[in-house]
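One file, data_32.cif, is given below (mmCIF, C-alpha atoms).
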data_query
loop_
_atom_site.label_atom_id
_atom_site.label_comp_id
_atom_site.auth_asym_id
_atom_site.auth_seq_id
_atom_site.Cartn_x
_atom_site.Cartn_y
_atom_site.Cartn_z
CA MET A 1 106.67 -25.15 122.85
CA THR A 2 105.38 -27.47 125.47
CA GLU A 3 104.89 -30.19 122.95
CA THR A 4 108.41 -29.80 121.72
CA THR A 5 109.77 -30.06 125.24
CA THR A 6 107.72 -33.09 126.11
CA SER A 7 108.47 -34.85 122.88
CA LEU A 8 112.16 -34.29 123.18
CA VAL A 9 112.15 -35.53 126.71
CA ILE A 10 110.30 -38.63 125.73
CA GLY A 11 112.34 -38.93 122.58
CA ALA A 12 115.58 -38.93 124.50
CA GLU A 13 114.57 -41.42 127.07
CA ILE A 14 115.35 -44.56 125.54
CA ASP A 15 118.62 -44.67 124.15
CA GLY A 16 120.12 -46.01 127.25
CA ALA A 17 123.54 -44.84 128.12
CA ILE A 18 124.62 -44.26 124.56
CA GLY A 19 122.34 -41.41 123.70
CA ARG A 20 123.24 -41.43 120.07
CA LYS A 21 119.75 -40.70 118.93
CA ALA A 22 119.68 -37.82 121.37
CA ALA A 23 121.81 -35.96 118.88
CA VAL A 24 118.84 -35.96 116.56
CA VAL A 25 116.70 -34.82 119.43
CA ALA A 26 119.19 -32.14 120.41
CA SER A 27 119.11 -30.78 116.93
CA ALA A 28 115.34 -30.90 117.23
CA GLU A 29 115.69 -28.70 120.29
CA VAL A 30 117.62 -26.21 118.23
CA ALA A 31 115.04 -26.60 115.54
CA GLY A 32 112.35 -26.20 118.14
CA HIS A 33 113.29 -22.57 118.39
CA ALA A 34 112.96 -22.42 114.65
CA ALA A 35 109.48 -23.90 115.05
CA ASP A 36 108.50 -20.80 116.94
CA LYS A 37 109.12 -18.86 113.81
CA GLY A 38 106.60 -21.09 112.10
CA HIS A 39 109.04 -23.25 110.20
CA GLU A 40 108.91 -26.86 111.31
CA SER A 41 112.33 -28.34 110.74
CA ARG A 42 112.24 -31.75 112.24
CA PRO A 43 114.36 -34.62 110.99
CA PRO A 44 112.60 -36.50 108.18
CA GLU A 45 110.41 -39.38 109.22
CA ILE A 46 111.31 -42.73 107.80
CA PRO A 47 108.26 -44.89 107.22
CA SER A 48 108.46 -48.17 109.02
CA ALA A 49 107.00 -51.60 108.51
CA LEU A 50 104.18 -50.76 110.88
CA ASP A 51 103.14 -47.93 108.64
CA TRP A 52 102.86 -50.43 105.85
CA LEU A 53 100.60 -52.51 108.07
CA ALA A 54 98.51 -49.46 108.69
CA THR A 55 97.72 -48.95 105.03
CA ALA A 56 94.79 -51.32 105.33
CA ARG A 57 91.45 -49.75 104.46
CA PHE A 58 89.85 -50.27 107.81
CA ALA A 59 92.82 -48.68 109.54
CA GLN A 60 92.78 -45.59 107.37
CA ARG A 61 89.15 -44.81 108.07
CA GLU A 62 88.48 -42.09 110.52
CA TYR A 63 86.17 -43.26 113.20
CA TYR A 64 84.39 -40.24 114.56
CA PRO A 65 81.43 -41.10 116.69
CA PHE A 66 83.01 -39.26 119.57
CA ASP A 67 82.41 -35.65 118.71
CA LEU A 68 82.07 -33.53 121.81
CA THR A 69 79.27 -31.03 121.56
CA ALA A 70 78.58 -28.21 123.96
CA PHE A 71 75.82 -25.66 123.90
CA ASN A 72 76.86 -22.12 124.58
CA PRO A 73 73.85 -20.41 126.16
CA LYS A 74 75.26 -16.94 125.64
CA THR A 75 75.47 -17.10 121.91
CA GLY A 76 72.96 -19.90 121.48
CA ARG A 77 75.28 -21.86 119.24
CA THR A 78 76.41 -25.44 119.61
CA VAL A 79 80.16 -25.89 119.62
CA THR A 80 81.44 -29.16 118.27
CA ILE A 81 84.89 -30.45 118.98
CA PRO A 82 85.56 -33.22 116.52
CA VAL A 83 87.32 -36.14 118.11
CA ARG A 84 88.55 -38.19 115.25
CA PHE A 85 90.83 -41.05 115.46
CA SER A 86 92.02 -43.58 113.01
CA ILE A 87 93.97 -46.74 113.68
CA ALA A 88 96.68 -45.70 111.25
CA ASP A 89 97.25 -42.49 113.18
CA ALA A 90 97.42 -44.34 116.45
CA ILE A 91 99.91 -46.84 115.09
CA HIS A 92 102.00 -44.09 113.59
CA THR A 93 102.08 -42.01 116.74
CA TYR A 94 102.94 -44.91 118.97
CA GLN A 95 104.86 -46.99 116.53
CA ASN A 96 107.82 -47.52 118.84
CA GLN A 97 105.64 -48.81 121.64
CA PHE A 98 103.61 -50.91 119.24
CA PHE A 99 106.71 -52.49 117.82
CA THR A 100 108.00 -53.23 121.30
CA LEU A 101 104.66 -54.79 122.14
CA LEU A 102 104.99 -57.11 119.18
CA LEU A 103 108.51 -57.87 120.29
CA VAL A 104 107.34 -58.78 123.77
CA ALA A 105 104.66 -61.04 122.32
CA LEU A 106 107.24 -62.66 120.06
CA THR A 107 109.64 -63.23 122.95
CA ALA A 108 106.93 -64.78 125.06
CA ALA A 109 105.82 -66.98 122.20
CA ILE A 110 109.32 -68.21 121.49
CA LEU A 111 109.97 -68.90 125.16
CA GLY A 112 106.69 -70.72 125.51
CA ARG A 113 107.42 -72.78 122.45
CA ARG A 114 110.78 -73.76 123.81
CA LEU A 115 109.33 -74.70 127.16
CA LYS A 116 106.60 -76.79 125.63
CA ARG A 117 109.15 -79.50 125.16
CA ALA A 118 109.80 -79.58 128.89
CA SER A 119 110.89 -82.94 130.12
CA LEU A 120 110.31 -84.38 133.56
CA ARG A 121 113.32 -86.61 133.81
CA GLN A 122 116.04 -84.52 132.28
CA PRO A 123 115.34 -80.88 132.80
CA GLY A 124 117.87 -78.68 131.12
CA ARG A 125 119.31 -75.56 132.70
CA PHE A 126 116.89 -73.16 131.09
CA GLN A 127 113.93 -75.24 132.16
CA ALA A 128 115.23 -75.40 135.72
CA LEU A 129 115.62 -71.63 135.84
CA VAL A 130 112.14 -70.99 134.54
CA GLU A 131 110.72 -73.55 136.93
CA LEU A 132 112.35 -71.64 139.77
CA PHE A 133 110.46 -68.49 138.89
CA ILE A 134 107.23 -70.23 138.14
CA GLU A 135 107.31 -72.12 141.40
CA GLY A 136 107.89 -68.92 143.32
CA PHE A 137 105.01 -67.21 141.60
CA ARG A 138 102.81 -70.25 142.03
CA ASN A 139 103.47 -70.26 145.76
CA LEU A 140 102.42 -66.63 145.88
CA VAL A 141 99.21 -67.21 143.96
CA CYS A 142 98.23 -70.36 145.84
CA GLY A 143 99.01 -68.63 149.09
CA VAL A 144 96.55 -65.90 148.27
CA LEU A 145 93.83 -67.79 146.43
CA GLY A 146 94.06 -71.24 147.93
CA GLU A 147 95.24 -74.36 146.23
CA LYS A 148 92.38 -75.16 143.89
CA ASN A 149 91.52 -71.65 142.79
CA GLY A 150 95.16 -70.74 142.63
CA ARG A 151 95.89 -73.39 140.08
CA ARG A 152 92.90 -72.36 138.05
CA TYR A 153 93.81 -68.70 137.78
CA LEU A 154 97.57 -69.12 137.72
CA PRO A 155 97.84 -69.11 133.90
CA TYR A 156 96.13 -65.74 133.58
CA LEU A 157 97.98 -64.14 136.48
CA GLY A 158 101.31 -65.59 135.42
CA SER A 159 100.89 -64.37 131.88
CA LEU A 160 99.86 -60.96 133.14
CA PHE A 161 102.88 -60.70 135.39
CA LEU A 162 105.31 -61.89 132.75
CA PHE A 163 103.89 -59.62 130.07
CA ILE A 164 103.96 -56.53 132.27
CA LEU A 165 107.44 -57.33 133.53
CA LEU A 166 108.83 -57.79 130.05
CA SER A 167 107.05 -54.71 128.74
CA ASN A 168 108.36 -52.56 131.57
CA LEU A 169 111.90 -53.78 131.15
CA MET A 170 111.87 -53.07 127.43
CA GLY A 171 111.99 -49.40 128.22
CA LEU A 172 115.55 -49.77 129.39
CA VAL A 173 116.79 -51.18 126.12
CA PRO A 174 118.24 -48.53 123.79
CA PHE A 175 115.88 -47.37 121.05
CA PHE A 176 112.87 -49.10 122.61
CA ARG A 177 109.97 -47.69 124.57
CA SER A 178 107.83 -49.67 126.95
CA PRO A 179 104.43 -50.55 125.61
CA THR A 180 103.14 -49.90 129.10
CA SER A 181 104.26 -46.30 128.90
CA VAL A 182 101.16 -45.46 126.89
CA TYR A 183 97.86 -45.48 128.63
CA GLN A 184 96.27 -47.56 125.89
CA THR A 185 98.17 -50.74 126.81
CA THR A 186 97.66 -50.48 130.54
CA PHE A 187 94.01 -49.65 130.09
CA ALA A 188 93.60 -52.75 127.98
CA LEU A 189 95.28 -54.83 130.69
CA GLY A 190 93.05 -53.30 133.34
CA VAL A 191 89.96 -54.01 131.29
CA CYS A 192 91.05 -57.62 130.76
CA THR A 193 91.42 -58.12 134.48
CA PHE A 194 88.14 -56.36 135.19
CA LEU A 195 86.22 -58.47 132.69
CA TYR A 196 87.75 -61.70 133.90
CA VAL A 197 87.02 -60.87 137.54
CA GLN A 198 83.41 -59.92 136.84
CA PHE A 199 82.91 -62.99 134.71
CA THR A 200 84.33 -65.12 137.49
CA ALA A 201 82.04 -63.47 140.02
CA LEU A 202 78.96 -63.97 137.91
CA ARG A 203 79.82 -67.52 137.08
CA ARG A 204 80.94 -68.74 140.47
CA GLN A 205 78.40 -66.95 142.59
CA GLY A 206 75.52 -66.66 140.21
CA PRO A 207 73.98 -63.39 139.11
CA LEU A 208 71.48 -63.16 141.96
CA ARG A 209 74.05 -63.56 144.64
CA TYR A 210 76.26 -61.10 142.81
CA ILE A 211 73.63 -58.40 143.00
CA TYR A 212 73.01 -59.33 146.60
CA HIS A 213 76.67 -58.84 147.32
CA MET A 214 76.72 -55.53 145.50
CA ALA A 215 73.80 -54.27 147.51
CA GLY A 216 75.74 -54.87 150.71
CA GLU A 217 74.07 -58.13 151.65
CA PRO A 218 70.97 -56.71 153.29
CA ARG A 219 69.35 -58.89 155.88
CA GLY A 220 66.38 -58.19 158.08
CA GLU A 221 63.94 -60.11 160.22
CA GLY A 222 60.59 -58.51 159.78
CA VAL A 223 59.01 -57.29 156.59
CA PHE A 224 59.65 -53.66 157.45
CA MET A 225 63.31 -54.34 158.24
CA LYS A 226 63.65 -56.29 155.02
CA ILE A 227 62.24 -53.44 152.96
CA PHE A 228 64.31 -50.90 154.84
CA MET A 229 67.59 -52.77 154.47
CA TRP A 230 66.93 -53.57 150.85
CA GLY A 231 66.11 -49.96 150.23
CA ILE A 232 69.36 -48.80 151.74
CA GLY A 233 71.18 -51.54 149.90
CA VAL A 234 69.80 -50.79 146.48
CA PHE A 235 69.81 -47.02 146.62
CA LEU A 236 72.94 -46.24 148.59
CA LEU A 237 75.22 -49.22 148.60
CA LEU A 238 74.66 -50.54 145.12
CA PRO A 239 75.88 -47.41 143.31
CA LEU A 240 78.80 -47.19 145.72
CA HIS A 241 79.83 -50.77 145.12
CA VAL A 242 79.37 -50.49 141.38
CA LEU A 243 81.53 -47.38 141.37
CA GLY A 244 84.08 -49.21 143.46
CA GLU A 245 84.16 -52.02 140.98
CA LEU A 246 84.48 -49.65 138.06
CA ILE A 247 87.32 -47.72 139.62
CA LYS A 248 89.42 -50.83 140.02
CA PRO A 249 90.60 -51.18 136.43
CA ILE A 250 91.18 -47.43 136.24
CA SER A 251 93.35 -47.38 139.32
CA LEU A 252 95.25 -50.47 138.23
CA SER A 253 95.97 -49.06 134.81
CA LEU A 254 96.79 -45.55 136.02
CA ARG A 255 99.20 -46.81 138.61
CA LEU A 256 101.16 -48.88 136.13
CA PHE A 257 101.06 -46.22 133.42
CA GLY A 258 102.08 -43.40 135.71
CA ASN A 259 104.97 -45.29 137.23
CA ILE A 260 106.42 -46.51 133.96
CA LEU A 261 105.97 -43.25 132.09
CA GLY A 262 107.40 -41.37 135.05
CA GLU A 263 110.43 -43.63 135.07
CA ASP A 264 110.97 -43.14 131.36
CA ILE A 265 110.69 -39.39 131.66
CA LEU A 266 113.09 -39.41 134.58
CA LEU A 267 115.65 -41.28 132.51
CA GLY A 268 115.06 -38.92 129.62
CA VAL A 269 115.51 -35.80 131.72
CA PHE A 270 118.79 -37.02 133.11
CA ALA A 271 119.98 -38.07 129.68
CA MET A 272 119.26 -34.57 128.39
CA LEU A 273 121.07 -33.15 131.40
CA GLY A 274 124.07 -35.25 130.49
CA LEU A 275 123.90 -33.94 126.96
CA SER A 276 123.73 -30.33 128.01
CA LEU A 277 126.62 -30.92 130.39
CA VAL A 278 128.76 -31.83 127.40
CA GLY A 279 127.59 -28.59 125.87
CA LEU A 280 129.42 -26.79 128.68
CA PHE A 281 132.68 -28.02 127.26
CA GLY A 282 132.16 -26.51 123.89
CA LEU A 283 130.23 -28.93 121.67
CA LYS A 284 126.84 -27.52 120.88
CA GLU A 285 125.29 -30.63 119.41
CA PRO A 286 127.08 -33.50 121.07
CA LEU A 287 126.80 -37.01 119.78
CA VAL A 288 127.09 -38.58 123.20
CA GLY A 289 126.58 -37.06 126.57
CA PHE A 290 127.61 -37.87 130.08
CA PRO A 291 125.70 -41.00 131.13
CA LEU A 292 124.01 -39.31 134.04
CA GLN A 293 120.98 -41.53 133.79
CA VAL A 294 122.85 -44.73 134.61
CA PRO A 295 122.20 -44.59 138.39
CA PHE A 296 118.53 -44.36 137.62
CA PHE A 297 118.57 -47.58 135.68
CA PHE A 298 118.54 -49.42 138.97
CA LEU A 299 115.56 -47.44 140.16
CA ALA A 300 113.86 -48.20 136.87
CA LEU A 301 114.59 -51.91 137.29
CA LEU A 302 113.10 -51.86 140.77
CA THR A 303 110.05 -49.94 139.66
CA SER A 304 109.46 -52.21 136.69
CA VAL A 305 109.54 -55.38 138.76
CA VAL A 306 107.56 -53.92 141.64
CA GLN A 307 104.83 -52.51 139.43
CA ALA A 308 104.42 -55.79 137.59
CA LEU A 309 104.19 -57.58 140.92
CA VAL A 310 101.71 -55.06 142.29
CA PHE A 311 99.47 -55.38 139.26
CA ALA A 312 99.44 -59.16 139.49
CA LEU A 313 98.97 -59.09 143.26
CA LEU A 314 96.05 -56.71 143.09
CA SER A 315 94.43 -58.84 140.44
CA MET A 316 94.86 -61.80 142.76
CA VAL A 317 93.17 -59.90 145.56
CA TYR A 318 90.28 -58.96 143.28
CA PHE A 319 89.84 -62.60 142.40
CA LEU A 320 89.94 -63.49 146.06
CA MET A 321 87.17 -61.05 146.85
CA VAL A 322 84.73 -62.48 144.30
CA LEU A 323 85.42 -66.14 144.82
CA PRO A 324 83.16 -67.98 147.27
CA HIS A 325 84.47 -67.26 150.71
CA ASP A 326 84.01 -70.59 152.36
CA GLU A 327 86.51 -72.21 150.08
CA GLU A 328 89.26 -69.80 151.03
CA ALA A 329 92.44 -71.35 152.29
CA TYR A 330 93.88 -70.00 155.45
CA ARG A 331 97.63 -69.61 155.53
CA MET B 1 100.40 -11.34 132.54
CA ALA B 2 96.97 -12.56 131.59
CA LEU B 3 95.58 -15.13 133.98
CA ASP B 4 93.93 -17.56 131.62
CA ALA B 5 93.13 -21.16 132.36
CA GLN B 6 96.46 -22.50 131.16
CA THR B 7 98.45 -20.08 133.30
CA ALA B 8 96.33 -20.72 136.33
CA LEU B 9 96.75 -24.47 135.96
CA SER B 10 100.50 -24.07 135.55
CA LEU B 11 100.61 -22.15 138.81
CA VAL B 12 98.40 -24.48 140.78
CA TYR B 13 99.53 -27.89 139.56
CA PRO B 14 102.86 -27.89 141.42
CA ILE B 15 101.09 -26.91 144.62
CA GLY B 16 98.63 -29.76 144.24
CA LEU B 17 101.43 -32.12 143.43
CA GLY B 18 103.30 -30.96 146.51
CA ILE B 19 100.32 -31.67 148.70
CA ALA B 20 99.95 -35.13 147.21
CA ALA B 21 103.65 -35.78 147.72
CA PHE B 22 103.40 -34.61 151.32
CA GLY B 23 100.56 -37.00 152.00
CA SER B 24 102.34 -39.93 150.46
CA ALA B 25 105.52 -39.02 152.33
CA VAL B 26 103.67 -39.25 155.61
CA GLY B 27 102.17 -42.58 154.63
CA LEU B 28 105.44 -44.00 153.38
CA GLY B 29 107.25 -42.88 156.50
CA ARG B 30 104.77 -44.75 158.64
CA ALA B 31 104.94 -47.83 156.46
CA VAL B 32 108.71 -47.99 156.39
CA GLY B 33 108.89 -47.24 160.08
CA ALA B 34 106.56 -50.09 160.87
CA ALA B 35 108.60 -52.38 158.64
CA MET B 36 111.80 -51.42 160.41
CA GLU B 37 110.23 -51.98 163.77
CA ALA B 38 109.00 -55.40 162.70
CA THR B 39 112.45 -56.26 161.39
CA GLY B 40 113.93 -55.21 164.68
CA ARG B 41 111.69 -57.55 166.53
CA GLN B 42 112.33 -60.52 164.30
CA PRO B 43 115.38 -60.14 162.07
CA GLU B 44 114.97 -63.54 160.44
CA ALA B 45 111.67 -62.46 158.87
CA SER B 46 113.26 -59.47 157.23
CA GLY B 47 112.86 -60.91 153.71
CA LYS B 48 109.11 -61.23 153.97
CA ILE B 49 108.81 -57.90 155.69
CA LEU B 50 110.81 -56.27 152.94
CA VAL B 51 108.58 -57.70 150.22
CA SER B 52 105.42 -56.62 152.01
CA MET B 53 106.85 -53.17 152.58
CA ILE B 54 107.77 -52.74 148.93
CA ILE B 55 104.31 -53.76 147.82
CA GLY B 56 102.68 -51.42 150.32
CA CYS B 57 104.94 -48.58 149.23
CA ALA B 58 103.91 -49.14 145.62
CA PHE B 59 100.28 -48.60 146.55
CA ILE B 60 101.00 -45.44 148.51
CA GLU B 61 103.22 -44.10 145.76
CA ALA B 62 100.50 -44.65 143.19
CA LEU B 63 98.41 -41.87 144.67
CA THR B 64 101.12 -39.33 144.05
CA ILE B 65 101.60 -40.72 140.57
CA TYR B 66 97.92 -40.08 139.85
CA ALA B 67 98.49 -36.42 140.68
CA LEU B 68 101.59 -36.36 138.52
CA ILE B 69 100.02 -37.84 135.43
CA SER B 70 97.04 -35.54 135.61
CA ILE B 71 99.50 -32.93 134.42
CA PHE B 72 100.16 -34.88 131.24
CA LEU B 73 96.47 -35.49 130.76
CA ALA B 74 95.75 -31.79 130.89
CA ARG B 75 98.33 -30.79 128.29
#
I need this file expressed as structure tokens, please.
Amino acid sequence: MTETTTSLVIGAEIDGAIGRKAAVVASAEVAGHAADKGHESRPPEIPSALDWLATARFAQREYYPFDLTAFNPKTGRTVTIPVRFSIADAIHTYQNQFFTLLLVALTAAILGRRLKRASLRQPGRFQALVELFIEGFRNLVCGVLGEKNGRRYLPYLGSLFLFILLSNLMGLVPFFRSPTSVYQTTFALGVCTFLYVQFTALRRQGPLRYIYHMAGEPRGEGVFMKIFMWGIGVFLLLPLHVLGELIKPISLSLRLFGNILGEDILLGVFAMLGLSLVGLFGLKEPLVGFPLQVPFFFLALLTSVVQALVFALLSMVYFLMVLPHDEEAYR
Amino acid sequence: MALDAQTALSLVYPIGLGIAAFGSAVGLGRAVGAAMEATGRQPEASGKILVSMIIGCAFIEALTIYALISIFLAR
């Protein structure tokens, strides 16, 4: 019952103000009561192009190295919970988000292609508009990271910001769901940032200095002080710092995921409310409902932009913390 | 009514979420208050103050969102 509720909330979220597909979902709600009797009557699933992609052999295989085993001391038996996943299942479950992800990539590629023919002397209107945004973002990045480092890491941060922004905004288009509303996408983004930051740290500071920094930079005058400080550094501060570094991608990804999924669910709940409000006037399975979720579009817009900005800004700050400090630019 | 794990979690989750929301409300109130005070002192910097306030609010809000999504992770 819970799964039915959640899926019909998430199923209703994205059809914008029209809510045509919500009719299918509303009938699924009626059918959800039928599901309690054991008879699953959901609308038939139409296979999509992504399902065709997922017919590849390597996608159909079930990868199961992740079985969870627990030993029950009372009975002396080992309980195994099989955790199986296959790529085809993942694509099928999240096919809307996956498709939207491909759409975002396609949009970015087309835009990039068009801007590759940018001209210095006769910029067109589109180029001028894009340059406006890029210059604003570039000022932000160079203000945080300094001029030289800012220019070096601007491509990654700009792409990150643009991708997250576009992905978040796709959730407002009817029939689409944001790719960032599944934890898989945001986790991947967090891992990308984490890997790039650690690679930067190791490369720019050198591995020895990196470990030194992780151990809290222990310094001491005498031999005893040296040993003492290093001991504290390695045994207390090193695990703490390592944990702090590991929590960064998790917090980044969870923040983005939670905000975007929460926004989508909010829109879905109000869309369902609008539908059930029409039910007050007689129609049991309305085709369209009152567009009660329209005021929340603005909140969703704000959240999308702000969360993209926060992700990019935090990544900038992580870069700032691992880059050599004496080259920092002061505002 | 049998008090199994699922029922207990369903009872306790809203309380936990309320506590998280209370904490973030206190933090957000302070942040927005400080932003308003700064705007009052220097109205021409209100654009920058607004941007900084929004970014700070996103961080504070994220902590409540963590509590919220733990509900979806448990189901």
For chain A against chain B, with a cut-off of 10 Å and counting only C-alpha atoms, what is the closest atom pair and its distance in Å to one decimal for every residue that makes the cut, ordered by chain and number, as a Markdown table?
| residue | atom | partner | partner_atom | distance |
| --- | --- | --- | --- | --- |
| A:Thr2 | CA | B:Arg75 | CA | 8.3 |
| A:Glu3 | CA | B:Arg75 | CA | 8.5 |
| A:Thr6 | CA | B:Phe72 | CA | 9.3 |
| A:Ser251 | CA | B:Ala62 | CA | 8.6 |
| A:Leu252 | CA | B:Ala62 | CA | 9.3 |
| A:Leu254 | CA | B:Tyr66 | CA | 6.8 |
| A:Arg255 | CA | B:Ala62 | CA | 5.2 |
| A:Leu256 | CA | B:Ala62 | CA | 8.3 |
| A:Phe257 | CA | B:Ile69 | CA | 8.7 |
| A:Gly258 | CA | B:Ile65 | CA | 5.6 |
| A:Asn259 | CA | B:Ile65 | CA | 6.6 |
| A:Leu261 | CA | B:Ile69 | CA | 8.7 |
| A:Gly262 | CA | B:Ile65 | CA | 8.0 |
| A:Leu302 | CA | B:Ile54 | CA | 9.8 |
| A:Thr303 | CA | B:Ala58 | CA | 8.6 |
| A:Val306 | CA | B:Ile55 | CA | 7.0 |
| A:Gln307 | CA | B:Ala58 | CA | 7.1 |
| A:Leu309 | CA | B:Ile55 | CA | 7.9 |
| A:Val310 | CA | B:Ile55 | CA | 6.2 |
| A:Phe311 | CA | B:Ala58 | CA | 10.0 |
| A:Leu313 | CA | B:Ile55 | CA | 8.8 |
| A:Leu314 | CA | B:Phe59 | CA | 9.8 |
Would you save the residues from that selection as an mmCIF file, in the frame of the given file, using C-alpha atoms?
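Generated output (result.cif):
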data_model
loop_
_atom_site.group_PDB
_atom_site.id
_atom_site.type_symbol
_atom_site.label_atom_id
_atom_site.label_comp_id
_atom_site.auth_asym_id
_atom_site.auth_seq_id
_atom_site.Cartn_x
_atom_site.Cartn_y
_atom_site.Cartn_z
ATOM 1 C CA THR A 2 105.380 -27.470 125.470
ATOM 2 C CA GLU A 3 104.890 -30.190 122.950
ATOM 3 C CA THR A 6 107.720 -33.090 126.110
ATOM 4 C CA SER A 251 93.350 -47.380 139.320
ATOM 5 C CA LEU A 252 95.250 -50.470 138.230
ATOM 6 C CA LEU A 254 96.790 -45.550 136.020
ATOM 7 C CA ARG A 255 99.200 -46.810 138.610
ATOM 8 C CA LEU A 256 101.160 -48.880 136.130
ATOM 9 C CA PHE A 257 101.060 -46.220 133.420
ATOM 10 C CA GLY A 258 102.080 -43.400 135.710
ATOM 11 C CA ASN A 259 104.970 -45.290 137.230
ATOM 12 C CA LEU A 261 105.970 -43.250 132.090
ATOM 13 C CA GLY A 262 107.400 -41.370 135.050
ATOM 14 C CA LEU A 302 113.100 -51.860 140.770
ATOM 15 C CA THR A 303 110.050 -49.940 139.660
ATOM 16 C CA VAL A 306 107.560 -53.920 141.640
ATOM 17 C CA GLN A 307 104.830 -52.510 139.430
ATOM 18 C CA LEU A 309 104.190 -57.580 140.920
ATOM 19 C CA VAL A 310 101.710 -55.060 142.290
ATOM 20 C CA PHE A 311 99.470 -55.380 139.260
ATOM 21 C CA LEU A 313 98.970 -59.090 143.260
ATOM 22 C CA LEU A 314 96.050 -56.710 143.090
#
Tell me which residues the PyMOL selection byres ((chain A and resi 108) around 12) grabs here, as a PDB file with C-alpha atoms, keeping the file's coordinate frame.
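What landed in out.pdb:
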ATOM      1  CA  LEU A 101     104.660 -54.790 122.140  1.00  0.00           C
ATOM      2  CA  LEU A 102     104.990 -57.110 119.180  1.00  0.00           C
ATOM      3  CA  LEU A 103     108.510 -57.870 120.290  1.00  0.00           C
ATOM      4  CA  VAL A 104     107.340 -58.780 123.770  1.00  0.00           C
ATOM      5  CA  ALA A 105     104.660 -61.040 122.320  1.00  0.00           C
ATOM      6  CA  LEU A 106     107.240 -62.660 120.060  1.00  0.00           C
ATOM      7  CA  THR A 107     109.640 -63.230 122.950  1.00  0.00           C
ATOM      8  CA  ALA A 109     105.820 -66.980 122.200  1.00  0.00           C
ATOM      9  CA  ILE A 110     109.320 -68.210 121.490  1.00  0.00           C
ATOM     10  CA  LEU A 111     109.970 -68.900 125.160  1.00  0.00           C
ATOM     11  CA  GLY A 112     106.690 -70.720 125.510  1.00  0.00           C
ATOM     12  CA  ARG A 113     107.420 -72.780 122.450  1.00  0.00           C
ATOM     13  CA  ARG A 114     110.780 -73.760 123.810  1.00  0.00           C
ATOM     14  CA  LEU A 115     109.330 -74.700 127.160  1.00  0.00           C
ATOM     15  CA  GLY A 158     101.310 -65.590 135.420  1.00  0.00           C
ATOM     16  CA  SER A 159     100.890 -64.370 131.880  1.00  0.00           C
ATOM     17  CA  LEU A 160      99.860 -60.960 133.140  1.00  0.00           C
ATOM     18  CA  PHE A 161     102.880 -60.700 135.390  1.00  0.00           C
ATOM     19  CA  LEU A 162     105.310 -61.890 132.750  1.00  0.00           C
ATOM     20  CA  PHE A 163     103.890 -59.620 130.070  1.00  0.00           C
ATOM     21  CA  ILE A 164     103.960 -56.530 132.270  1.00  0.00           C
ATOM     22  CA  LEU A 165     107.440 -57.330 133.530  1.00  0.00           C
ATOM     23  CA  LEU A 166     108.830 -57.790 130.050  1.00  0.00           C
ATOM     24  CA  SER A 167     107.050 -54.710 128.740  1.00  0.00           C
TER      25      SER A 167
END
Spatial neighbours of stretch 74-89 of chain A, max dist 12 Å, all atoms listed in the file, sep filter under 2 positions, as a PyMOL selection string: chain A and resi 50-72+91-95+98
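Minimum distance to B:Ala35 across B:Pro14, B:Phe22, B:Ile60, B:Gly47 (counting only C-alpha atoms) occurs at B:Gly47.
Atom to atom, atom CA of A:Pro291 and atom CA of A:Gly268 stand 10.9 Å apart.
If you look at atom CA of A:Glu135 and atom CA of A:Met321, they are 23.6 Å away from each other.
You will find atom CA of A:Ala215 at 28.2 Å from atom CA of A:Lys148.
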Residues returned when the PyMOL selection byres ((chain B and resi 6-10) around 12) runs on this file, as a list in words: Thr2 of chain A; Met1, Ala2, Leu3, Asp4, Ala5, Leu11, Val12, Tyr13, Pro14, Ile15, Gly16, Leu17, Ser70, Ile71, Phe72, Ala74 and Arg75 of chain B
Show me, as a short mmCIF file (atom, residue, chain, number, x, y, z; two decimals) with C-alpha atoms, in the coordinates of the input, the residues that have an atom within 12 Å of A:Phe298 when counting all atoms listed in the file, minus same-chain residues fewer than 6 positions from it.
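Okay, around_29.cif is ready:
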data_model
loop_
_atom_site.label_atom_id
_atom_site.label_comp_id
_atom_site.auth_asym_id
_atom_site.auth_seq_id
_atom_site.Cartn_x
_atom_site.Cartn_y
_atom_site.Cartn_z
CA LEU A 169 111.90 -53.78 131.15
CA LEU A 172 115.55 -49.77 129.39
CA GLU A 263 110.43 -43.63 135.07
CA LEU A 267 115.65 -41.28 132.51
CA SER A 304 109.46 -52.21 136.69
CA VAL A 305 109.54 -55.38 138.76
#
Expected residue set, 12 Å radius at (123.9, -41.4, 139.1), all atoms listed in the file, as number ranges by chain: A: 17, 266-267, 270-271, 273-274, 290-299
Writer output for current selection, C-alpha atoms, as a CSV table (one decimal), in the coordinates of the input:
chain,number,residue,atom,x,y,z
A,17,ALA,CA,123.5,-44.8,128.1
A,266,LEU,CA,113.1,-39.4,134.6
A,267,LEU,CA,115.6,-41.3,132.5
A,270,PHE,CA,118.8,-37.0,133.1
A,271,ALA,CA,120.0,-38.1,129.7
A,273,LEU,CA,121.1,-33.2,131.4
A,274,GLY,CA,124.1,-35.2,130.5
A,290,PHE,CA,127.6,-37.9,130.1
A,291,PRO,CA,125.7,-41.0,131.1
A,292,LEU,CA,124.0,-39.3,134.0
A,293,GLN,CA,121.0,-41.5,133.8
A,294,VAL,CA,122.8,-44.7,134.6
A,295,PRO,CA,122.2,-44.6,138.4
A,296,PHE,CA,118.5,-44.4,137.6
A,297,PHE,CA,118.6,-47.6,135.7
A,298,PHE,CA,118.5,-49.4,139.0
A,299,LEU,CA,115.6,-47.4,140.2
